[in-house]
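Only one structure is covered here, and it is reproduced in the block below.
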Amino acid sequence: MPDDLPVQTESKPPKSADHAAGHRERLRERFARAGVAGVQDYELLELILFRSKPRGDVKPLAKELIKRFGGFAEALAAPVERLLEIDGVGEATAQELKIVHAAGVKLTQERIMKRPIISSWNDLLSYCRAAMADDSIEQFRVLFLDRKNILIADEVQQRGTVDHTPVYPREVVKRALELGASAIILAHNHPSGDPTPSRADIEMTKQVVEAGRALGIRVHDHLVIGKTREASFKSLGLL
């Protein structure tokens with residue numbers, strides 16, 4: 001279905017163009033007056049969909065996206081190929097959702113870049129959740145810190161499958177040296193939702209720690225990001 005066509009349901013007759021336009025205007029006015037607190041999640045998603053679908057009623061599509069993926073954030077983070085499976089979502093709509101998601105991740109990233117990471121720990125966790133929690137593929141990320149523990153770089157080193165990411169400890173340490181980093185924080189997600197470190201996670205972390213120790217690079221922590229919570233190797237006594 002082309003993106004600029006109205007989304008309809010079989011159980012209800014299509015709303016008139018005037019009614020849909022009036023709904024859009026009222027929703028925009030409510031958002032302008034009260035902000036995010038004045039709209040429900042599906043209504044906020046409607047406001048985003050207005051950009052790629054300039055006509056018609058998009059409320060059914062907004063509700064379907066949230067139902068299919070489990071929430072507002074999950075809908076924005078969904079892979080493009082999964083979004084395109086939904087009737088009413090075309091390339092333009094999928095791209096619009098991914099742009100909004102990328103903007104949200106960027107906002108959280110800006111809160112921690114060039115700042116002492118220890119004093120910005122909650123912001124770091126928020127960023128990792130935004131960037132990784134809803135990813136359906138496991139990714140391994142490294143945050144590089146200078147001698148004052150200021151974050152100087154944030155890079156995804158590897159992307160793997162739904163339950164495994166190949167990590168090469170020597171490459172991690174090599175990249176730290178290239179950036180002039182004195183310490184690193186490791187982070188990866190568990191698409192299963194359970195952030196409990198696996199044996200492979202523990203063994204890999206030990207290898208990175210040993211490789212870094214030989215060159216004076218410290219591993220501050222390894223964060224495992226789940227759907228609703230995260231695990232810290234340091235807090236668990238694994239570092």
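Lettering and numbering for the structure tokens are positional, with chains as A, B, ... in the shown order, residues counted from 1 in each chain, and ligands counted from 1 in the shown order.
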
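Excluding stretch 19-25 of chain A itself and any same-chain residue fewer than 4 positions from it, the protein and nucleic acid residues within 10 Å of it, counting only C-alpha atoms, are Pro6, Pro14, Lys15, Glu29, Arg30, Phe31, Glu43, Glu46, Leu47, Phe50, Pro54, Arg55, Gly56, Asp57, Val58 and Lys59 of chain A.
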
Neighbours of stretch 183-185 of chain A within 8 Å (only C-alpha atoms; same-chain residues fewer than 4 positions away dropped), as a PDB file with N, CA and C atoms, in the first residue's frame?
```pdb
ATOM      1  N   VAL A 142      31.941  -0.790  22.107  1.00  0.00           N
ATOM      2  CA  VAL A 142      33.028  -0.422  23.006  1.00  0.00           C
ATOM      3  C   VAL A 142      33.031   1.092  23.177  1.00  0.00           C
ATOM      4  N   LEU A 143      33.061   1.539  24.421  1.00  0.00           N
ATOM      5  CA  LEU A 143      33.169   2.961  24.737  1.00  0.00           C
ATOM      6  C   LEU A 143      34.585   3.216  25.223  1.00  0.00           C
ATOM      7  N   PHE A 144      35.265   4.155  24.581  1.00  0.00           N
ATOM      8  CA  PHE A 144      36.671   4.424  24.850  1.00  0.00           C
ATOM      9  C   PHE A 144      36.822   5.683  25.701  1.00  0.00           C
ATOM     10  N   LEU A 145      37.624   5.590  26.769  1.00  0.00           N
ATOM     11  CA  LEU A 145      37.790   6.688  27.720  1.00  0.00           C
ATOM     12  C   LEU A 145      39.240   7.140  27.777  1.00  0.00           C
ATOM     13  N   ASP A 146      39.423   8.446  28.060  1.00  0.00           N
ATOM     14  CA  ASP A 146      40.792   8.943  28.220  1.00  0.00           C
ATOM     15  C   ASP A 146      41.215   8.820  29.684  1.00  0.00           C
ATOM     16  N   ARG A 147      42.336   9.420  30.051  1.00  0.00           N
ATOM     17  CA  ARG A 147      42.873   9.271  31.407  1.00  0.00           C
ATOM     18  C   ARG A 147      41.975   9.884  32.477  1.00  0.00           C
ATOM     19  N   ASN A 149      38.742   9.630  32.346  1.00  0.00           N
ATOM     20  CA  ASN A 149      37.489   8.886  32.201  1.00  0.00           C
ATOM     21  C   ASN A 149      36.433   9.647  31.410  1.00  0.00           C
ATOM     22  N   ALA A 176      41.706   0.657  20.900  1.00  0.00           N
ATOM     23  CA  ALA A 176      41.910   1.561  22.045  1.00  0.00           C
ATOM     24  C   ALA A 176      43.235   2.299  21.913  1.00  0.00           C
ATOM     25  N   ILE A 217      45.693  -0.760  29.464  1.00  0.00           N
ATOM     26  CA  ILE A 217      44.324  -0.329  29.176  1.00  0.00           C
ATOM     27  C   ILE A 217      43.376  -1.071  30.104  1.00  0.00           C
ATOM     28  N   ARG A 218      42.609  -0.332  30.871  1.00  0.00           N
ATOM     29  CA  ARG A 218      41.742  -0.916  31.883  1.00  0.00           C
ATOM     30  C   ARG A 218      40.320  -1.100  31.363  1.00  0.00           C
ATOM     31  N   VAL A 219      39.708  -2.204  31.748  1.00  0.00           N
ATOM     32  CA  VAL A 219      38.294  -2.442  31.439  1.00  0.00           C
ATOM     33  C   VAL A 219      37.480  -2.063  32.674  1.00  0.00           C
ATOM     34  N   HIS A 220      36.754  -0.959  32.604  1.00  0.00           N
ATOM     35  CA  HIS A 220      35.973  -0.486  33.748  1.00  0.00           C
ATOM     36  C   HIS A 220      34.767  -1.359  34.033  1.00  0.00           C
ATOM     37  N   ASP A 221      34.093  -1.811  32.979  1.00  0.00           N
ATOM     38  CA  ASP A 221      32.884  -2.602  33.182  1.00  0.00           C
ATOM     39  C   ASP A 221      32.493  -3.249  31.861  1.00  0.00           C
ATOM     40  N   HIS A 222      31.630  -4.215  31.966  1.00  0.00           N
ATOM     41  CA  HIS A 222      30.983  -4.827  30.791  1.00  0.00           C
ATOM     42  C   HIS A 222      29.496  -4.849  31.088  1.00  0.00           C
ATOM     43  N   LEU A 223      28.734  -4.137  30.287  1.00  0.00           N
ATOM     44  CA  LEU A 223      27.283  -4.039  30.469  1.00  0.00           C
ATOM     45  C   LEU A 223      26.580  -4.962  29.488  1.00  0.00           C
TER      46      LEU A 223
END
```

Using only C-alpha atoms, find each residue in stretch 123-211 of chain A having at least one atom no more than 6 Å away from stretch 110-116 of chain A; report its shortest atom-to-atom pair and that distance in Å (one decimal), rows by chain then rising number, as a tab-separated table.
```
residue	atom	partner	partner_atom	distance
A:Asn149	CA	A:Pro116	CA	5.2
A:Ile150	CA	A:Pro116	CA	4.1
A:Leu151	CA	A:Lys114	CA	5.2
A:Ile152	CA	A:Lys114	CA	5.9
```

Please produce an output containing C-alpha atoms for each residue in the selection, written as a short mmCIF file (atom, residue, chain, number, x, y, z; two decimals), in the first residue's frame.
```
data_model
loop_
_atom_site.label_atom_id
_atom_site.label_comp_id
_atom_site.auth_asym_id
_atom_site.auth_seq_id
_atom_site.Cartn_x
_atom_site.Cartn_y
_atom_site.Cartn_z
CA ASN A 149 37.49 8.89 32.20
CA ILE A 150 35.97 11.19 29.60
CA LEU A 151 34.24 9.36 26.77
CA ILE A 152 36.17 10.04 23.57
#
```

Compile the contact shell of stretch 72-74 of chain A as a count of residues only: residues with an atom at most 10 Å away, counting only C-alpha atoms, same-chain residues fewer than 6 positions apart removed.
17

Give me, as a PyMOL selection string, the residues of stretch 67-190 of chain A that a backbone DSSP run labels alpha helix (DSSP H).
chain A and resi 67-69+72-77+80-83+91-110+121-132+169-179

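Relative to atom CA of A:Ala211, atom CA of A:Pro169 is found at 6.7 Å.
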
Just want the 12 Å neighbourhood of A:Ser198, counted on only C-alpha atoms, with same-chain residues fewer than 2 positions away dropped. Output as a count of residues only.
18

Could you check the closest approach to A:Arg82 for each of A:Leu177, A:Leu27, A:Val36, A:Ala94 and tell me which residue wins, using only C-alpha atoms?
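Comparing A:Leu177, A:Leu27, A:Val36, A:Ala94 against A:Arg82, the winner is A:Ala94.
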
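Our summary of the geometry notes that atom CA of A:Glu155 is positioned 13.3 Å from atom CA of A:Lys174.
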
Report as number ranges by chain: the residues of stretch 22-174 of chain A with a DSSP assignment of strand (DSSP E), based on the backbone of this structure.
A: 139-145, 151-159

Would you mind telling me which residue in A:Arg129, A:Ser52, A:Val173, A:Ser120 lies nearest to A:Thr93 when using only C-alpha atoms?
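Going through A:Arg129, A:Ser52, A:Val173, A:Ser120 one by one, the smallest distance to A:Thr93 is for A:Ser52.
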
Interatomic distance, atom CA of A:Pro197 to atom CA of A:Lys67 (Å, one decimal):
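A separation of 29.6 Å between them.
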